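K.L.:
Below you will find the structure I want to go over with you.
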Amino acid sequence: MINYLTSMFNRAASMVRAVLGVPDYERYLGHMRSAHPGDRIMTETEFRHTRMNDRYNKAGSKCC
């Protein structure tokens, strides 16, 4: 029962982070290891910096 509740909590937390736009480094690691095993994996700092740049430096993202 506790495993089920923990799993549900983790899934809910992951969904909330996705809605809020918080980058999910653990998900990125899983994807890179399974889909791109030979590629370089970014550090967590590089990952977060890249995601924030992608989010806030898009064309049309500024008001003025």
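By order of appearance in the structure tokens: chains A, B, ..., then residues from 1 within every chain, and ligands from 1 in the order shown.
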Leaving out Met42 of chain A and any residue of its chain fewer than 5 positions from it, which residues lie within 12 Å of it when counting only C-alpha atoms, given as a list of chain:residue names?

P.N.:
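The neighbour list is A:Tyr25, A:Glu26, A:Tyr28, A:Leu29, A:Met32, A:Arg33, A:Phe47, A:Arg48, A:His49, A:Thr50, A:Arg51.
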
K.L.:
Just C-alpha atoms for this one: save the residues we selected as a PDB file, in the first residue's frame.

P.N.:
ATOM      1  CA  TYR A  25      16.497  16.073 -14.963  1.00  0.00           C
ATOM      2  CA  GLU A  26      15.754  12.477 -13.926  1.00  0.00           C
ATOM      3  CA  TYR A  28      16.074  13.536 -19.183  1.00  0.00           C
ATOM      4  CA  LEU A  29      18.652  11.051 -17.844  1.00  0.00           C
ATOM      5  CA  MET A  32      19.287   9.859 -22.838  1.00  0.00           C
ATOM      6  CA  ARG A  33      20.363   6.482 -21.461  1.00  0.00           C
ATOM      7  CA  PHE A  47      20.475  20.938 -18.228  1.00  0.00           C
ATOM      8  CA  ARG A  48      18.685  23.524 -16.088  1.00  0.00           C
ATOM      9  CA  HIS A  49      20.519  26.422 -17.721  1.00  0.00           C
ATOM     10  CA  THR A  50      19.679  25.137 -21.208  1.00  0.00           C
ATOM     11  CA  ARG A  51      16.012  24.627 -20.324  1.00  0.00           C
TER      12      ARG A  51
END

K.L.:
Could you list, as a PyMOL selection string, every residue within 12 Å of segment 8-13 of chain A, counting only C-alpha atoms and ignoring same-chain residues fewer than 6 positions away?

P.N.:
chain A and resi 1-2+19-20+22+24+27

K.L.:
Could you pull out the helix (DSSP H, G or I) residues of chain A, going by DSSP on the backbone, and write them as a PyMOL selection string?

P.N.:
chain A and resi 2-20+25-35+44-56

K.L.:
What is the distance, in Å and to one decimal place, between atom CA of Asn53 of chain A and atom CA of His31 of chain A?

P.N.:
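Between these atoms lies a distance of 20.4 Å.
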